[in-house]
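Pasted below: final03.txt, compact mmCIF, C-alpha atoms.
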# COMPACT_ATOMS: atom_id res chain seq x y z
CA MET A 1 0.00 0.00 0.00
CA ILE A 2 2.71 2.47 1.07
CA LYS A 3 4.81 1.37 -1.90
CA ARG A 4 1.89 1.98 -4.27
CA LEU A 5 1.26 5.38 -2.77
CA LYS A 6 4.94 6.25 -3.06
CA ASN A 7 4.91 5.07 -6.67
CA MET A 8 1.92 7.28 -7.40
CA ILE A 9 3.53 10.37 -5.94
CA SER A 10 7.01 9.74 -7.28
CA PRO A 11 7.08 7.00 -9.94
CA GLU A 12 10.18 5.61 -11.59
CA LEU A 13 10.42 7.33 -14.97
CA SER A 14 12.04 6.27 -18.22
CA GLN A 15 14.95 8.11 -19.81
CA GLU A 16 12.57 9.47 -22.46
CA GLU A 17 10.13 10.83 -19.86
CA ASN A 18 13.01 12.51 -18.03
CA SER A 19 14.32 14.12 -21.18
CA ASN A 20 10.80 15.36 -22.00
CA GLU A 21 10.71 16.97 -18.57
CA VAL A 22 13.97 18.79 -19.26
CA TYR A 23 12.80 19.87 -22.73
CA ASN A 24 9.53 21.24 -21.33
CA PHE A 25 11.35 23.05 -18.54
CA GLN A 26 13.74 24.72 -20.99
CA TRP A 27 10.90 26.06 -23.12
CA ALA A 28 8.86 27.16 -20.12
CA ARG A 29 11.84 29.04 -18.81
CA LYS A 30 12.55 30.78 -22.11
CA ILE A 31 8.96 32.04 -22.22
CA LEU A 32 9.10 33.00 -18.53
CA PHE A 33 12.11 35.26 -19.07
CA ALA A 34 10.51 36.67 -22.24
CA ILE A 35 7.25 37.63 -20.50
CA THR A 36 8.80 38.90 -17.27
CA PRO A 37 9.61 42.30 -18.88
CA VAL A 38 5.99 42.53 -20.10
CA TRP A 39 4.81 42.10 -16.53
CA LEU A 40 7.36 44.62 -15.19
CA ILE A 41 6.36 47.22 -17.79
CA TYR A 42 2.66 46.67 -17.06
CA TYR A 43 3.36 47.35 -13.38
CA CYS A 44 5.40 50.42 -14.32
CA VAL A 45 2.33 51.80 -16.10
CA GLU A 46 0.25 51.02 -12.99
CA PHE A 47 2.81 52.84 -10.84
CA PHE A 48 2.78 55.81 -13.18
CA LEU A 49 -1.04 56.00 -12.91
CA ARG A 50 -0.64 56.18 -9.12
CA ILE A 51 2.23 58.63 -9.05
CA ASN A 52 0.17 61.15 -7.03
CA ARG A 53 -1.00 58.63 -4.46
CA PRO A 54 0.05 60.12 -1.09
CA GLN A 55 2.83 58.60 0.98
CA THR A 56 0.46 58.23 3.97
CA LEU A 57 -1.54 55.69 1.95
CA TYR A 58 1.43 53.38 1.49
CA PHE A 59 0.43 50.17 3.27
CA ASN A 60 3.32 47.75 3.40
CA LYS A 61 2.35 44.17 4.03
CA HIS A 62 5.50 42.13 4.40
CA TRP A 63 9.08 42.19 5.62
CA PHE A 64 10.61 42.26 2.15
CA GLY A 65 8.72 45.51 1.54
CA ASP A 66 9.78 46.88 4.95
CA LEU A 67 13.38 46.13 4.10
CA PHE A 68 13.63 47.22 0.46
CA ALA A 69 10.69 49.55 -0.20
CA ALA A 70 9.65 50.94 3.18
CA GLU A 71 8.49 54.19 1.56
CA LYS A 72 6.94 54.93 -1.77
CA PRO A 73 9.86 54.98 -4.21
CA PRO A 74 10.37 57.92 -6.59
CA LEU A 75 9.37 57.40 -10.23
CA TRP A 76 12.99 57.34 -11.45
CA LEU A 77 13.86 54.48 -9.09
CA PHE A 78 10.78 52.45 -10.02
CA THR A 79 11.45 52.98 -13.73
CA PHE A 80 15.11 52.07 -13.25
CA VAL A 81 14.23 48.76 -11.54
CA VAL A 82 11.72 47.97 -14.30
CA ILE A 83 14.14 48.75 -17.15
CA PHE A 84 17.12 47.10 -15.48
CA GLY A 85 15.08 44.02 -14.49
CA SER A 86 13.67 43.76 -18.03
CA ILE A 87 17.09 43.98 -19.69
CA VAL A 88 18.58 41.46 -17.26
CA SER A 89 15.60 39.15 -17.90
CA LEU A 90 16.20 39.29 -21.66
CA THR A 91 19.92 38.59 -21.26
CA TYR A 92 18.80 35.05 -20.44
CA PHE A 93 18.75 34.44 -24.19
CA SER A 94 22.50 35.02 -24.46
CA ARG A 95 23.67 33.70 -21.08
CA SER A 96 22.30 33.10 -17.62
CA SER A 97 23.93 33.02 -14.20
CA PHE A 98 22.73 32.83 -10.63
CA ILE A 99 23.15 36.62 -10.32
CA GLN A 100 21.07 37.21 -13.47
CA ARG A 101 18.25 35.07 -12.08
CA LEU A 102 18.53 36.68 -8.64
CA ILE A 103 18.19 40.18 -10.15
CA CYS A 104 15.06 39.06 -12.03
CA LEU A 105 13.54 37.60 -8.87
CA PHE A 106 14.37 40.72 -6.89
CA SER A 107 12.91 43.05 -9.55
CA VAL A 108 9.66 41.10 -9.80
CA LEU A 109 9.24 40.89 -6.03
CA TRP A 110 10.19 44.53 -5.42
CA VAL A 111 7.89 45.89 -8.13
CA ASN A 112 5.06 43.66 -6.90
CA SER A 113 5.62 44.73 -3.32
CA VAL A 114 5.32 48.44 -4.21
CA ILE A 115 2.10 47.99 -6.23
CA TRP A 116 0.86 45.68 -3.48
CA THR A 117 0.59 48.67 -1.14
CA THR A 118 -2.23 50.11 -3.25
CA GLY A 119 -4.28 46.90 -3.24
CA HIS A 120 -4.32 46.84 -7.04
CA SER A 121 -4.03 43.29 -8.43
CA ALA A 122 -1.97 42.62 -5.36
CA HIS A 123 -2.06 38.88 -5.48
CA VAL A 124 -1.94 37.90 -9.15
CA ALA A 125 1.84 37.52 -9.39
CA HIS A 126 2.41 34.68 -6.95
CA VAL A 127 3.15 32.10 -9.63
CA LEU A 128 5.56 34.50 -11.38
CA ILE A 129 7.46 35.10 -8.15
CA TYR A 130 7.58 31.42 -7.16
CA LEU A 131 8.71 30.32 -10.64
CA HIS A 132 11.63 32.73 -10.42
CA LEU A 133 12.36 31.80 -6.81
CA PHE A 134 12.39 28.02 -7.01
CA THR A 135 14.39 27.84 -10.25
CA LEU A 136 17.05 30.19 -8.92
CA PHE A 137 19.76 27.54 -8.66
CA ILE A 138 18.87 25.58 -11.79
CA PRO A 139 21.38 26.41 -14.55
CA LYS A 140 20.44 27.42 -18.08
CA ASP A 141 22.05 24.34 -19.61
CA VAL A 142 19.89 21.83 -17.82
CA SER A 143 20.39 18.15 -18.44
CA VAL A 144 18.68 14.97 -17.34
CA LYS A 145 20.82 15.00 -14.18
CA ASN A 146 18.92 18.17 -13.08
CA VAL A 147 15.49 16.61 -13.47
CA THR A 148 15.01 16.08 -9.71
CA ALA A 149 15.89 19.73 -9.05
CA ILE A 150 13.29 20.75 -11.67
CA ARG A 151 10.68 18.64 -9.91
CA TRP A 152 11.60 20.15 -6.56
CA SER A 153 11.02 23.59 -8.06
CA TYR A 154 7.53 22.43 -9.09
CA PHE A 155 7.05 21.09 -5.58
CA GLY A 156 7.81 24.55 -4.16
CA LEU A 157 5.05 26.05 -6.30
CA PHE A 158 2.47 23.30 -5.77
CA ILE A 159 2.97 23.19 -2.01
CA THR A 160 1.55 26.75 -1.91
CA TYR A 161 -1.75 25.33 -3.11
CA THR A 162 -1.45 22.38 -0.73
CA PHE A 163 -1.12 24.82 2.15
CA SER A 164 -4.16 26.75 0.96
CA GLY A 165 -6.14 23.46 0.99
CA LEU A 166 -4.88 22.60 4.47
CA TRP A 167 -5.82 26.10 5.55
CA LYS A 168 -9.42 25.37 4.59
CA VAL A 169 -9.36 22.06 6.48
CA ILE A 170 -8.04 23.85 9.58
CA GLY A 171 -10.76 26.51 9.18
CA LEU A 172 -13.44 23.85 8.80
CA SER A 173 -12.24 21.82 11.79
CA TYR A 174 -11.99 24.94 13.92
CA LYS A 175 -15.59 25.85 13.12
CA PHE A 176 -16.90 22.30 13.55
CA PHE A 177 -15.15 21.36 16.77
CA ILE A 178 -14.23 24.56 18.57
CA THR A 179 -16.51 27.49 17.82
CA GLY A 180 -19.47 25.44 16.59
CA GLU A 181 -20.14 28.21 14.07
CA GLU A 182 -22.72 27.33 11.50
CA MET A 183 -21.11 28.90 8.46
CA ASN A 184 -18.40 26.85 6.83
CA TRP A 185 -17.63 25.91 3.25
CA PHE A 186 -20.23 23.10 3.24
CA HIS A 187 -23.07 25.45 4.17
CA PRO A 188 -25.51 26.07 1.28
CA GLU A 189 -25.06 29.84 1.61
CA ALA A 190 -21.27 29.87 1.89
CA ALA A 191 -20.41 30.30 -1.80
CA LEU A 192 -23.21 32.82 -2.28
CA ARG A 193 -22.00 34.97 0.64
CA ASN A 194 -18.46 34.88 -0.71
CA ALA A 195 -19.57 35.85 -4.21
CA VAL A 196 -21.70 38.73 -2.90
CA SER A 197 -18.83 40.15 -0.85
CA GLY A 198 -16.56 39.95 -3.91
CA HIS A 199 -19.11 41.90 -5.95
CA ILE A 200 -19.64 44.53 -3.23
CA ASP A 201 -15.85 45.00 -3.03
CA SER A 202 -15.55 45.46 -6.76
CA GLY A 203 -18.67 47.58 -7.17
CA VAL A 204 -19.95 45.19 -9.85
CA SER A 205 -23.62 44.20 -10.16
CA PHE A 206 -24.29 40.77 -8.70
CA GLU A 207 -27.06 39.95 -11.23
CA ARG A 208 -24.48 38.78 -13.76
CA VAL A 209 -23.74 35.66 -11.71
CA ALA A 210 -26.89 35.29 -9.58
CA PHE A 211 -28.17 32.39 -11.75
CA LEU A 212 -25.13 30.31 -10.79
CA PHE A 213 -26.36 30.13 -7.21
CA GLU A 214 -29.84 28.78 -7.89
CA TYR A 215 -28.60 25.30 -7.04
CA PRO A 216 -26.44 25.65 -3.91
CA TRP A 217 -25.61 21.92 -3.92
CA VAL A 218 -23.40 22.50 -6.97
CA TRP A 219 -21.08 24.60 -4.80
CA GLN A 220 -21.38 22.18 -1.90
CA VAL A 221 -20.08 19.45 -4.23
CA LEU A 222 -17.48 21.63 -5.92
CA PHE A 223 -16.00 22.81 -2.67
CA PRO A 224 -14.70 19.42 -1.38
CA ILE A 225 -13.43 18.62 -4.90
CA MET A 226 -11.50 21.88 -4.97
CA MET A 227 -10.23 21.34 -1.43
CA CYS A 228 -8.91 17.86 -2.33
CA LEU A 229 -7.33 19.22 -5.48
CA GLN A 230 -5.53 21.88 -3.49
CA ILE A 231 -4.34 19.50 -0.78
CA PHE A 232 -3.01 16.97 -3.32
CA ASN A 233 -1.35 19.61 -5.50
CA PHE A 234 2.06 18.49 -4.22
CA SER A 235 1.57 15.12 -5.94
CA GLY A 236 1.87 16.82 -9.35
CA ALA A 237 5.49 17.75 -8.72
CA PHE A 238 7.12 14.35 -9.10
CA ASN A 239 4.52 12.59 -11.24
CA PRO A 240 4.35 13.97 -14.82
CA SER A 241 1.17 12.06 -15.64
CA LEU A 242 -0.74 13.55 -12.69
CA ARG A 243 0.64 17.04 -13.27
CA PRO A 244 -1.60 18.10 -16.22
CA TRP A 245 -4.71 17.28 -14.17
CA ILE A 246 -3.45 19.24 -11.21
CA VAL A 247 -2.58 22.21 -13.43
CA ILE A 248 -5.95 22.08 -15.25
CA GLY A 249 -7.62 21.96 -11.81
CA ASN A 250 -5.63 24.99 -10.62
CA ILE A 251 -6.44 26.93 -13.77
CA SER A 252 -10.16 26.13 -13.33
CA PHE A 253 -9.94 27.23 -9.70
CA HIS A 254 -8.43 30.59 -10.73
CA VAL A 255 -10.86 31.13 -13.61
CA VAL A 256 -13.94 30.37 -11.44
CA ASN A 257 -12.57 32.63 -8.71
CA SER A 258 -11.97 35.44 -11.19
CA ILE A 259 -15.38 35.23 -12.87
CA VAL A 260 -17.74 34.21 -10.07
CA PHE A 261 -16.10 35.50 -6.89
CA LEU A 262 -14.30 38.42 -8.55
CA ILE A 263 -10.99 37.51 -6.97
CA SER A 264 -9.11 38.34 -10.10
CA PHE A 265 -6.26 35.98 -10.97
CA TRP A 266 -6.05 36.98 -14.63
CA PHE A 267 -2.29 36.54 -15.00
CA THR A 268 -2.01 33.29 -13.02
CA PRO A 269 -3.63 30.88 -15.54
CA ILE A 270 -1.37 32.26 -18.31
CA LEU A 271 1.70 31.57 -16.19
CA LEU A 272 0.52 28.08 -15.29
CA VAL A 273 0.08 27.30 -18.99
CA VAL A 274 3.55 28.71 -19.74
CA ALA A 275 5.16 26.71 -16.94
CA PHE A 276 3.46 23.38 -17.56
CA PHE A 277 2.57 23.21 -21.26
CA PRO A 278 3.69 19.87 -22.75
CA TYR A 279 6.07 21.41 -25.29
CA HIS A 280 7.53 17.97 -26.11
CA ARG A 281 4.29 17.02 -27.86
CA LEU A 282 4.85 19.78 -30.40
CA ARG A 283 8.38 18.49 -30.93
CA SER A 284 7.25 14.92 -31.64
CA SER A 285 4.42 16.01 -33.94
CA SER A 286 6.73 18.28 -35.96
CA MET B 9 26.13 21.55 -2.59
CA SER B 10 24.32 20.20 -5.65
CA VAL B 11 21.66 22.10 -7.61
CA GLU B 12 19.12 19.62 -6.32
CA ALA B 13 20.13 20.14 -2.68
CA LYS B 14 20.01 23.94 -3.04
CA THR B 15 16.57 23.85 -4.69
CA LYS B 16 15.34 21.50 -1.97
CA LEU B 17 16.68 23.89 0.67
CA LEU B 18 14.78 26.78 -0.96
CA VAL B 19 11.57 24.77 -0.81
CA TYR B 20 12.12 23.88 2.86
CA LEU B 21 12.89 27.51 3.70
CA SER B 22 9.72 28.53 1.86
CA ILE B 23 7.64 26.10 3.92
CA ILE B 24 9.21 27.39 7.15
CA GLY B 25 8.56 30.94 5.92
CA ILE B 26 4.88 30.14 5.33
CA ILE B 27 4.45 28.67 8.82
CA LEU B 28 6.34 31.49 10.55
CA SER B 29 4.38 34.09 8.57
CA PHE B 30 1.17 32.70 9.99
CA PHE B 31 2.43 33.54 13.48
CA THR B 32 4.07 36.89 12.64
CA GLN B 33 0.75 37.92 11.04
CA LYS B 34 -1.21 36.79 14.08
CA ILE B 35 0.87 38.91 16.45
CA GLY B 36 0.55 41.94 14.20
CA MET B 37 4.11 41.95 12.86
CA GLY B 38 3.11 41.58 9.20
CA GLU B 39 4.14 38.85 6.83
CA LEU B 40 7.64 37.49 7.23
CA TYR B 41 7.43 35.75 3.87
CA PRO B 42 5.12 37.02 1.10
CA PHE B 43 2.40 34.41 1.22
CA PHE B 44 -0.88 35.21 2.97
CA HIS B 45 -1.88 38.02 0.64
CA TRP B 46 -2.08 35.75 -2.39
CA LYS B 47 -5.86 35.48 -1.80
CA LEU B 48 -5.83 31.70 -1.93
CA TYR B 49 -7.17 31.48 1.59
CA SER B 50 -10.69 32.47 2.34
CA GLN B 51 -13.32 31.48 4.83
CA PRO B 52 -17.00 32.36 4.51
CA ALA B 53 -18.34 34.89 7.01
CA ALA B 54 -20.57 33.73 9.88
CA LYS B 55 -24.23 33.07 9.13
CA ASP B 56 -25.70 36.08 10.89
CA SER B 57 -22.94 38.50 10.07
CA LEU B 58 -23.28 41.43 7.74
CA TYR B 59 -20.67 42.19 5.13
CA CYS B 60 -19.12 45.60 5.76
CA VAL B 61 -17.02 47.82 3.54
CA GLN B 62 -15.37 51.08 4.47
CA SER B 63 -15.14 53.74 1.84
CA ILE B 64 -14.69 57.44 1.22
CA VAL B 65 -17.74 59.52 0.34
CA ILE B 66 -17.26 62.75 -1.56
CA ILE B 67 -19.23 65.75 -0.29
CA ASN B 68 -20.12 68.65 -2.56
CA GLU B 69 -22.34 71.54 -1.36
CA GLY B 70 -23.40 69.44 1.61
CA LYS B 71 -24.51 66.52 -0.58
CA ALA B 72 -22.91 63.10 -0.72
CA GLU B 73 -21.83 62.04 -4.17
CA PRO B 74 -21.07 58.48 -5.18
CA PHE B 75 -17.58 57.57 -6.19
CA LEU B 76 -17.45 57.47 -9.95
CA ASN B 77 -14.80 55.41 -11.57
CA ASN B 78 -13.97 57.37 -14.69
CA GLY B 79 -10.88 55.25 -15.24
CA SER B 80 -8.49 58.15 -14.93
CA ARG B 81 -7.38 57.83 -11.34
CA ILE B 82 -8.26 54.80 -9.34
CA SER B 83 -9.83 51.37 -9.75
CA LYS B 84 -12.76 50.31 -7.59
CA GLU B 85 -10.59 47.56 -6.15
CA GLU B 86 -8.06 50.14 -4.97
CA TYR B 87 -10.83 52.46 -3.74
CA PHE B 88 -12.36 49.85 -1.42
CA TYR B 89 -8.99 48.41 -0.41
CA THR B 90 -7.71 51.82 0.67
CA GLY B 91 -10.90 52.67 2.59
CA ASN B 92 -10.64 49.33 4.36
CA GLN B 93 -6.95 49.84 5.19
CA LEU B 94 -7.63 53.31 6.61
CA TYR B 95 -10.32 51.84 8.83
CA GLN B 96 -8.23 48.87 9.97
CA ASP B 97 -5.31 51.12 10.94
CA TYR B 98 -7.75 53.35 12.79
CA VAL B 99 -9.22 50.41 14.72
CA GLU B 100 -5.68 49.25 15.58
CA PHE B 101 -4.15 52.60 16.59
CA GLY B 102 -7.23 54.74 17.29
CA ASN B 103 -5.52 57.89 16.01
CA ASP B 104 -8.29 60.38 15.06
CA SER B 105 -6.05 63.14 13.74
CA LEU B 106 -4.00 60.77 11.55
CA LEU B 107 -7.20 59.29 10.15
CA LYS B 108 -8.49 62.75 9.30
CA ILE B 109 -5.26 63.62 7.48
CA ARG B 110 -5.36 60.35 5.56
CA VAL B 111 -9.03 60.71 4.63
CA THR B 112 -8.35 64.25 3.36
CA GLU B 113 -5.31 63.12 1.40
CA PHE B 114 -7.09 60.14 -0.09
CA GLY B 115 -10.16 62.25 -0.91
CA GLN B 116 -8.03 64.87 -2.63
CA TYR B 117 -6.26 62.13 -4.53
CA ILE B 118 -9.45 60.64 -5.96
CA SER B 119 -11.54 63.79 -6.23
CA PRO B 120 -9.53 67.00 -5.66
CA ASP B 121 -12.42 69.39 -6.37
CA ALA B 122 -14.79 68.09 -3.69
CA ASP B 123 -15.62 70.28 -0.66
CA CYS B 124 -14.84 67.64 1.92
CA TYR B 125 -14.89 63.89 2.57
CA ARG B 126 -16.34 61.28 4.87
CA LEU B 127 -15.16 57.82 5.74
CA VAL B 128 -18.20 55.59 6.16
CA LYS B 129 -18.83 51.97 6.99
CA ASP B 130 -21.61 50.32 4.97
CA CYS B 131 -22.92 46.95 6.13
CA TYR B 132 -24.94 44.71 3.83
CA ASP B 133 -26.91 41.53 4.41
CA PRO B 134 -25.35 39.32 1.69
CA ILE B 135 -28.45 37.19 1.16
CA ALA B 136 -30.76 40.21 0.78
CA TYR B 137 -28.15 41.80 -1.50
CA SER B 138 -28.11 38.76 -3.76
CA LYS B 139 -31.89 39.21 -4.21
CA GLY B 140 -31.43 42.80 -5.30
CA ASN B 141 -32.04 44.46 -1.94
CA ARG B 142 -29.23 47.01 -1.63
CA VAL B 143 -30.48 48.55 1.62
CA HIS B 144 -27.62 48.81 4.04
CA LYS B 145 -26.70 50.21 7.41
CA SER B 146 -24.37 53.16 7.09
CA GLU B 147 -22.19 54.44 9.90
CA LEU B 148 -20.06 57.58 9.84
CA ILE B 149 -16.51 56.96 11.04
CA ILE B 150 -14.99 60.37 10.44
CA THR B 151 -15.73 63.52 8.47
CA THR B 152 -13.52 66.35 7.27
CA CYS B 153 -16.56 68.67 6.78
CA ASP B 154 -16.10 70.70 9.98

Can you give me the file's structure in the form of structure tokens?
Amino acid sequence: MIKRLKNMISPELSQEENSNEVYNFQWARKILFAITPVWLIYYCVEFFLRINRPQTLYFNKHWFGDLFAAEKPPLWLFTFVVIFGSIVSLTYFSRSSFIQRLICLFSVLWVNSVIWTTGHSAHVAHVLIYLHLFTLFIPKDVSVKNVTAIRWSYFGLFITYTFSGLWKVIGLSYKFFITGEEMNWFHPEAALRNAVSGHIDSGVSFERVAFLFEYPWVWQVLFPIMMCLQIFNFSGAFNPSLRPWIVIGNISFHVVNSIVFLISFWFTPILLVVAFFPYHRLRSSS
Amino acid sequence: MSVEAKTKLLVYLSIIGIILSFFTQKIGMGELYPFFHWKLYSQPAAKDSLYCVQSIVIINEGKAEPFLNNGSRISKEEYFYTGNQLYQDYVEFGNDSLLKIRVTEFGQYISPDADCYRLVKDCYDPIAYSKGNRVHKSELIITTCD
């Protein structure tokens, strides 16, 4: 039983499967470094639109921000980080070093942390940041001997979702056993209440999605499915045949959240496709 | 140290960062590791609770005007987020004069020509709201119209 479970999470893979993994990783990484400047420039435009936002409304949320962007940076500095980060990102196509990758990670995190203070699309870059972070030590010229490191980098990203699933289990257990509160994710009104609050926050009319809540049981069924998907996200890291299902599940989760609950994750599905597209299939068909 | 070992170490540090951030957040020290603001973690509000948002109201010639998003200055997301942050800081530190300064500055940022501004808390019943009933309880937190 334990052996079967272990085999499901981390199966023995053939040489061909390992080389496909490396091939896919190389392509994903090329696209990642190509789109990073697009993201940085988009955030530069957002910063420019908020150039008159007063310093007293600068709400820092984490220690990285406290350390590197404790106050609202001047426009020249923000623009410099964006341009420098973009150029360094594009140098990946000639050569790549640890320092080059570290500068990219720092630029993305720093720029995100400044825009974060305004609350605008604060959360949509988590996959971008984690992809840069967990591949920091993986060299440009990857070979089959790096395949375990590649899978560990996937594990770092997927475990974020696993934690978010566990978070919901903890929340549920707390409500069931400790506070005895009636509202939890299995309650027929739970999804509706969440969707309404999302619409109030965004100032968007709720009528557009009201019909989706006519049958509350749909959400009561979807919720445990989504919770299981999140908890078992980690299993996609070392098993390439499970991975597409996990990624499709995550993309669906983000799309539903963006459309129905108005928790916009518009950039996240794009990045998940970039990171996990089976590029090797295009190679074999061509 | 091999590439694999270093990547593994990063993942372990990330997991430790996530767990420690939970506690640093709880004791009001902010996030140690950028994690909890990714909006992947939500819990539905209690059954009888109302959903409340804090926002700035623009006052012109004694009349309240709704915030209009003309696309030039601020998104609705940012508008509600900022109102909420102002309120949360106020609840935490209880500093009336700082709140007044911030409300004025935020008001002037989104609508510089208005006479004065109010920070209000609007509470909705989510179920009634979903049926089209937008009636809500409004509470004044602070006003700059003195």

Legend entry - Test item: chain A residues at most 6 Å from chain B, counting only C-alpha atoms, as a ChimeraX atom specification: /A:61-63,119-120,123,137,149,156,164,183,190,193-194,196,202

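In this comparison, which uses only C-alpha atoms, the residue of A:Thr135, A:Ser252, A:Thr179, A:Ser86 approaching Phe98 of chain A most closely is A:Thr135.
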
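Checking A:Thr148, A:Ile87, A:Phe25, A:Phe163 one by one against Phe30 of chain B, counting all atoms listed in the file, you find the shortest gap at A:Phe163.
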
Legend entry - Shell around Tyr130 of chain A at 8 Å using all atoms listed in the file, local window under 4 positions removed, as a list in words: His126, Phe134, Gly156 and Leu157 of chain A

Inset, instruction - Within 10 Å of Gly115 of chain B, counting all atoms listed in the file, which residues show up once you throw out same-chain ones fewer than 2 positions away? Write them as a ChimeraX atom specification, please. - result: /B:64-67,109-113,117-127,152

Could the residues in this selection be written to a file with C-alpha atoms, as a PDB file, in the frame of the given file?
ATOM      1  CA  ILE B  64     -14.690  57.440   1.220  1.00  0.00           C
ATOM      2  CA  VAL B  65     -17.740  59.520   0.340  1.00  0.00           C
ATOM      3  CA  ILE B  66     -17.260  62.750  -1.560  1.00  0.00           C
ATOM      4  CA  ILE B  67     -19.230  65.750  -0.290  1.00  0.00           C
ATOM      5  CA  ILE B 109      -5.260  63.620   7.480  1.00  0.00           C
ATOM      6  CA  ARG B 110      -5.360  60.350   5.560  1.00  0.00           C
ATOM      7  CA  VAL B 111      -9.030  60.710   4.630  1.00  0.00           C
ATOM      8  CA  THR B 112      -8.350  64.250   3.360  1.00  0.00           C
ATOM      9  CA  GLU B 113      -5.310  63.120   1.400  1.00  0.00           C
ATOM     10  CA  TYR B 117      -6.260  62.130  -4.530  1.00  0.00           C
ATOM     11  CA  ILE B 118      -9.450  60.640  -5.960  1.00  0.00           C
ATOM     12  CA  SER B 119     -11.540  63.790  -6.230  1.00  0.00           C
ATOM     13  CA  PRO B 120      -9.530  67.000  -5.660  1.00  0.00           C
ATOM     14  CA  ASP B 121     -12.420  69.390  -6.370  1.00  0.00           C
ATOM     15  CA  ALA B 122     -14.790  68.090  -3.690  1.00  0.00           C
ATOM     16  CA  ASP B 123     -15.620  70.280  -0.660  1.00  0.00           C
ATOM     17  CA  CYS B 124     -14.840  67.640   1.920  1.00  0.00           C
ATOM     18  CA  TYR B 125     -14.890  63.890   2.570  1.00  0.00           C
ATOM     19  CA  ARG B 126     -16.340  61.280   4.870  1.00  0.00           C
ATOM     20  CA  LEU B 127     -15.160  57.820   5.740  1.00  0.00           C
ATOM     21  CA  THR B 152     -13.520  66.350   7.270  1.00  0.00           C
TER      22      THR B 152
END

Enclosing box along x, y and z for every listed atom of segment 224-231 of chain A, padded 5 Å each side, centre and size in Å, one decimal, as AutoDock Vina command-line options:
--center_x -9.5 --center_y 19.9 --center_z -3.1 --size_x 20.4 --size_y 14.0 --size_z 14.7

Legend entry - Residues within 8 Å of segment 39-48 of chain A, only C-alpha atoms, excluding chain neighbours under 3 positions, as a list in words: Ile35, Thr36, Ile51, Leu75, Phe78, Thr79, Val82, Ile83, Gly85, Ser86, Val108, Val111, Asn112 and Ile115 of chain A

Take the selection from the previous step and output its residues with C-alpha atoms, as a short mmCIF file (atom, residue, chain, number, x, y, z; two decimals), in the frame of the given file.
data_model
loop_
_atom_site.label_atom_id
_atom_site.label_comp_id
_atom_site.auth_asym_id
_atom_site.auth_seq_id
_atom_site.Cartn_x
_atom_site.Cartn_y
_atom_site.Cartn_z
CA ILE A 35 7.25 37.63 -20.50
CA THR A 36 8.80 38.90 -17.27
CA ILE A 51 2.23 58.63 -9.05
CA LEU A 75 9.37 57.40 -10.23
CA PHE A 78 10.78 52.45 -10.02
CA THR A 79 11.45 52.98 -13.73
CA VAL A 82 11.72 47.97 -14.30
CA ILE A 83 14.14 48.75 -17.15
CA GLY A 85 15.08 44.02 -14.49
CA SER A 86 13.67 43.76 -18.03
CA VAL A 108 9.66 41.10 -9.80
CA VAL A 111 7.89 45.89 -8.13
CA ASN A 112 5.06 43.66 -6.90
CA ILE A 115 2.10 47.99 -6.23
#

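Taking atom CA of Leu148 of chain B and atom CA of Ala195 of chain A as the two end points, the separation is 25.9 Å.
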
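Taking atom CA of Pro11 of chain A and atom CA of Asn239 of chain A as endpoints, the distance between them is 6.3 Å.
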
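With only C-alpha atoms as the atoms that count, the residue of A:Phe276, A:Trp76, A:Phe223, A:Phe261 with the shortest distance to Ser205 of chain A is A:Phe261.
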
Legend entry - Between atom CA of Arg101 of chain A and atom CA of Pro37 of chain A, distance in Å (one decimal): 13.2 Å

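Considering all atoms listed in the file, the residue among A:Val209, A:Met226, A:Leu282, A:Ile251 positioned nearest to Ile270 of chain A is A:Ile251.
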
Inset, instruction - Skip Ile259 of chain A itself and residues of its chain fewer than 4 positions away, then list as a PyMOL selection string all residues within 12 Å of it, counting only C-alpha atoms. - result: chain A and resi 195+198-199+202+204+206+208-210+212+252-255+263-266

Copy segment 46-60 of chain A out of the block into a file, keeping C-alpha atoms, as a CSV table (one decimal), in the first residue's frame.
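Saved to out_38.csv:
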chain,number,residue,atom,x,y,z
A,46,GLU,CA,0.2,51.0,-13.0
A,47,PHE,CA,2.8,52.8,-10.8
A,48,PHE,CA,2.8,55.8,-13.2
A,49,LEU,CA,-1.0,56.0,-12.9
A,50,ARG,CA,-0.6,56.2,-9.1
A,51,ILE,CA,2.2,58.6,-9.0
A,52,ASN,CA,0.2,61.2,-7.0
A,53,ARG,CA,-1.0,58.6,-4.5
A,54,PRO,CA,0.0,60.1,-1.1
A,55,GLN,CA,2.8,58.6,1.0
A,56,THR,CA,0.5,58.2,4.0
A,57,LEU,CA,-1.5,55.7,1.9
A,58,TYR,CA,1.4,53.4,1.5
A,59,PHE,CA,0.4,50.2,3.3
A,60,ASN,CA,3.3,47.7,3.4
